[in-house]
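Worksheet: the structure to be examined is printed underneath.
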Amino acid sequence: MLHSAVIPPQRYFAYLTWTDIEALPDKDKTIIIQPLGSIEQHGPHLPLVVDAAISEGILGKALQTLGAEIPAYVLPTLYYGKSNEHIGFPGVITLSAETLLAILKEVAASLYQSGFRKWILLNSHGGQIQVLEIAARDLHQTYPDLQIFPFFTWRMPHCAADLLTPKEMTHGIHAGDGETSLMMALWPELVREDRLVKEFPQGIPADGELLSMEGSLPFAWLTKEVSRSGVMGDATVATKEKGAVLLDCLADGCRQAIEAVYHFQPPSLDRKG
């Protein structure tokens with residue numbers, strides 16, 4: 001099979017024929033899901049594919065419990081992303097913001113032409129959140145009846161705060177306990193457990209100062225400026241058991257999000273209540 005092993009084949013968009021798509025009832029209510037990730041360094045212990053793998057793994061598990069009455073199909077994963085914050089580490093492949101925007105806009109135009117009106121961008125790479133939000137707003141302006149949902153995995157309902165330390169929740173933003181535990185649960189053969197690293201961002205403003213890496217008042221940064229290993233977090237405390245719990249709660253949050261999209265009614269000044 002060509003698709004990722006975790007996506008149910010009956011939900012995989014690329015397995016449909018053009019006649020299947022033509023015959024789909026209520027295409028305007030059918031949800032198309034675009035998993036996104038990146039090819040970028042994740043320390044010496046995790047592969048470059050982490051973000052895409054997490055998007056696929058969580059989505060695949062969410063679809064196992066999604067009701068069959070909800071029409072939802074998954075596009076092939078977009079593995080390349082905007083990852084220029086990791087330039088300086090070997091293996092990083094990055095698109096520019098302009099290129100990523102162009103790709104998303106052209107995919108959206110194709111889906112729209114086929115009659116689809118609900119599109120989820122399911123992204124697990126923090127470095128491109130804003131690009132997806134810009135794409136969604138611009139596309140909605142171009143196609144007012146196209147509803148686009150730029151979702152970030154770690155903003156969906158989850159239980160990470162119950163499993164990770166407060167320091168990890170604040171500063172463990174890359175290849176730390178959360179991502180490493182998830183990969184141990186999803187694809188343990190890809191985790192180099194003999195290379196686990198603990199390194200939190202260095203040389204940044206202390207806790208309590210006004211400016212931060214990803215807070216309300218952020219500053220621009222590159223990974224090579226704050227981490228020698230490429231890790232920002234503590235991967236040494238990651239476990240498969242912790243990852244399994246994280247996977248379950250993230251997948252449940254993802255399922256809830258898909259259901260909410262299915263029932264979503266766009267804002268209207270004519271709607272009462």
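Going by the structure tokens order, chains are called A, B, ..., each with residues numbered from 1, while ligands are numbered from 1 in the order shown.
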For this session: Give the strand (DSSP E) residues of stretch 13-244 of chain A, as assigned by DSSP on the backbone, as a PyMOL selection string.
Result: chain A and resi 31-36+72-74+118-123+147-152+198-199+233-234
Go ahead and write the residues just picked, C-alpha atoms, as an mmCIF file, in the first residue's frame.
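Contents of the output file selection.cif:
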data_model
loop_
_atom_site.group_PDB
_atom_site.id
_atom_site.type_symbol
_atom_site.label_atom_id
_atom_site.label_comp_id
_atom_site.auth_asym_id
_atom_site.auth_seq_id
_atom_site.Cartn_x
_atom_site.Cartn_y
_atom_site.Cartn_z
ATOM 1 C CA ILE A 31 -13.973 16.946 5.254
ATOM 2 C CA ILE A 32 -10.608 16.831 3.526
ATOM 3 C CA ILE A 33 -7.647 16.562 5.904
ATOM 4 C CA GLN A 34 -4.123 17.625 4.991
ATOM 5 C CA PRO A 35 -1.478 16.277 7.402
ATOM 6 C CA LEU A 36 1.598 18.499 7.540
ATOM 7 C CA ALA A 72 -13.544 12.529 5.965
ATOM 8 C CA TYR A 73 -10.637 11.772 3.644
ATOM 9 C CA VAL A 74 -6.916 12.211 4.181
ATOM 10 C CA LYS A 118 -14.175 21.913 4.352
ATOM 11 C CA TRP A 119 -10.408 21.567 4.659
ATOM 12 C CA ILE A 120 -8.432 20.790 7.802
ATOM 13 C CA LEU A 121 -4.721 21.584 7.865
ATOM 14 C CA LEU A 122 -3.417 19.198 10.541
ATOM 15 C CA ASN A 123 0.041 20.482 11.404
ATOM 16 C CA GLN A 147 -14.032 26.778 5.386
ATOM 17 C CA ILE A 148 -10.396 26.166 6.335
ATOM 18 C CA PHE A 149 -9.189 25.061 9.748
ATOM 19 C CA PRO A 150 -5.438 25.586 10.431
ATOM 20 C CA PHE A 151 -5.035 23.235 13.397
ATOM 21 C CA PHE A 152 -1.849 22.718 15.409
ATOM 22 C CA LYS A 198 18.616 16.749 28.010
ATOM 23 C CA GLU A 199 19.195 20.342 26.908
ATOM 24 C CA GLY A 233 13.705 19.721 26.459
ATOM 25 C CA ASP A 234 14.517 16.567 28.383
#
For this session: Could you give me, as a list in words, the residues within 10 Å of stretch 19-27 of chain A, counting only C-alpha atoms and dropping anything in the same chain fewer than 2 positions from it?
Result: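 Listing them by chain and then by number gives Phe13, Tyr15, Leu16, Thr17, Lys29, Thr30, Ile31, Ile32, Pro71, Tyr112, Ser114, Gly115, Phe116, Arg117 and Lys118 of chain A.
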Output for the residues just chosen: C-alpha atoms as a compact mmCIF listing (two decimals), in the first residue's frame:
# COMPACT_ATOMS: atom_id res chain seq x y z
CA PHE A 13 -8.14 10.38 -0.63
CA TYR A 15 -7.13 5.75 -3.37
CA LEU A 16 -10.39 7.16 -4.75
CA THR A 17 -11.04 7.30 -8.49
CA LYS A 29 -19.95 18.67 3.91
CA THR A 30 -17.12 16.21 3.26
CA ILE A 31 -13.97 16.95 5.25
CA ILE A 32 -10.61 16.83 3.53
CA PRO A 71 -17.25 11.73 5.60
CA TYR A 112 -12.54 23.69 -4.45
CA SER A 114 -13.83 19.34 -7.16
CA GLY A 115 -16.62 20.63 -4.93
CA PHE A 116 -15.10 20.32 -1.46
CA ARG A 117 -15.74 23.09 1.05
CA LYS A 118 -14.17 21.91 4.35
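Coordinates place atom CA of A:Ser38 at a distance of 15.6 Å from atom CA of A:Glu98.
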For this session: Name the closest residue to A:His263 among the candidates A:His86, A:Thr236, A:Pro47, A:Ile70; distances are taken between atoms, counting only C-alpha atoms.
Result: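 Ranking A:His86, A:Thr236, A:Pro47, A:Ile70 by distance to A:His263, first place goes to A:Ile70.
The gap separating atom CA of A:His158 from atom CA of A:Asp248 is 8.8 Å, in Å to one decimal.
Excluding A:Lys167 itself and same-chain residues fewer than 2 positions from it, the residues having an atom within 10 Å of it are Leu164, Thr165, Met169, Thr170, His171, Gly172, Phe200, Gly233 and Asp234 of chain A, counting only C-alpha atoms.
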For this session: Excluding A:Lys61 and any residue of its chain fewer than 3 positions from it, enumerate the residues within 10 Å of it, using only C-alpha atoms, and give them as a ChimeraX atom specification.
Result: /A:6-8,56-58,64-66,247-248,250-252,254-255
Please produce a file of those selected residues containing N, CA and C atoms, as a PDB file, in the first residue's frame.
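Written file, again-v1.pdb:
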ATOM      1  N   VAL A   6      -0.756   3.918   9.032  1.00  0.00           N
ATOM      2  CA  VAL A   6      -1.680   4.227  10.125  1.00  0.00           C
ATOM      3  C   VAL A   6      -2.984   4.861   9.646  1.00  0.00           C
ATOM      4  N   ILE A   7      -3.065   5.278   8.387  1.00  0.00           N
ATOM      5  CA  ILE A   7      -4.296   5.881   7.867  1.00  0.00           C
ATOM      6  C   ILE A   7      -5.199   4.778   7.303  1.00  0.00           C
ATOM      7  N   PRO A   8      -6.429   4.654   7.784  1.00  0.00           N
ATOM      8  CA  PRO A   8      -7.324   3.632   7.236  1.00  0.00           C
ATOM      9  C   PRO A   8      -7.469   3.811   5.722  1.00  0.00           C
ATOM     10  N   GLU A  56       0.550  12.060  11.292  1.00  0.00           N
ATOM     11  CA  GLU A  56      -0.049  10.840  10.763  1.00  0.00           C
ATOM     12  C   GLU A  56      -0.486   9.898  11.874  1.00  0.00           C
ATOM     13  N   GLY A  57       0.355   9.735  12.888  1.00  0.00           N
ATOM     14  CA  GLY A  57       0.045   8.796  13.948  1.00  0.00           C
ATOM     15  C   GLY A  57      -1.192   9.193  14.730  1.00  0.00           C
ATOM     16  N   ILE A  58      -1.278  10.461  15.084  1.00  0.00           N
ATOM     17  CA  ILE A  58      -2.436  10.944  15.841  1.00  0.00           C
ATOM     18  C   ILE A  58      -3.698  10.876  14.981  1.00  0.00           C
ATOM     19  N   GLN A  64      -9.762   5.927  13.753  1.00  0.00           N
ATOM     20  CA  GLN A  64     -10.243   4.614  14.181  1.00  0.00           C
ATOM     21  C   GLN A  64     -11.540   4.723  14.976  1.00  0.00           C
ATOM     22  N   THR A  65     -11.744   5.864  15.645  1.00  0.00           N
ATOM     23  CA  THR A  65     -12.936   6.036  16.478  1.00  0.00           C
ATOM     24  C   THR A  65     -13.901   7.071  15.911  1.00  0.00           C
ATOM     25  N   LEU A  66     -13.558   7.657  14.767  1.00  0.00           N
ATOM     26  CA  LEU A  66     -14.468   8.614  14.144  1.00  0.00           C
ATOM     27  C   LEU A  66     -15.653   7.871  13.532  1.00  0.00           C
ATOM     28  N   LEU A 247      -0.610   9.784  23.193  1.00  0.00           N
ATOM     29  CA  LEU A 247      -1.195   9.442  21.899  1.00  0.00           C
ATOM     30  C   LEU A 247      -2.706   9.296  22.017  1.00  0.00           C
ATOM     31  N   ASP A 248      -3.153   8.601  23.056  1.00  0.00           N
ATOM     32  CA  ASP A 248      -4.589   8.390  23.232  1.00  0.00           C
ATOM     33  C   ASP A 248      -5.322   9.711  23.405  1.00  0.00           C
ATOM     34  N   LEU A 250      -4.301  12.832  22.650  1.00  0.00           N
ATOM     35  CA  LEU A 250      -4.192  13.683  21.468  1.00  0.00           C
ATOM     36  C   LEU A 250      -5.101  13.191  20.348  1.00  0.00           C
ATOM     37  N   ALA A 251      -5.186  11.878  20.170  1.00  0.00           N
ATOM     38  CA  ALA A 251      -6.065  11.317  19.146  1.00  0.00           C
ATOM     39  C   ALA A 251      -7.523  11.606  19.476  1.00  0.00           C
ATOM     40  N   ASP A 252      -7.874  11.539  20.753  1.00  0.00           N
ATOM     41  CA  ASP A 252      -9.247  11.853  21.140  1.00  0.00           C
ATOM     42  C   ASP A 252      -9.544  13.322  20.880  1.00  0.00           C
ATOM     43  N   CYS A 254      -8.127  15.132  18.587  1.00  0.00           N
ATOM     44  CA  CYS A 254      -8.208  15.247  17.136  1.00  0.00           C
ATOM     45  C   CYS A 254      -9.574  14.796  16.633  1.00  0.00           C
ATOM     46  N   ARG A 255     -10.064  13.685  17.179  1.00  0.00           N
ATOM     47  CA  ARG A 255     -11.407  13.214  16.790  1.00  0.00           C
ATOM     48  C   ARG A 255     -12.454  14.270  17.118  1.00  0.00           C
TER      49      ARG A 255
END
Problem set entry | Separation of atom CA of A:Trp221 from atom CA of A:Asn84, in Å and rounded to one decimal |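 Separating atom CA of A:Trp221 from atom CA of A:Asn84 is a distance of 10.4 Å.
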Problem set entry | Among listed residues A:Gln256, A:Arg192, A:Leu186, A:Asp51, nearest A:Ala5 (using only C-alpha atoms) |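 Of all the options, A:Leu186 lies closest to A:Ala5.
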Exercise. From the set A:Ser83, A:Thr77, A:Thr239, A:Ser124, which residue has the shortest atom-to-atom contact distance to A:Met183, counting only C-alpha atoms?
Worked result: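 Using only C-alpha atoms, A:Met183 sits closest to A:Thr239.
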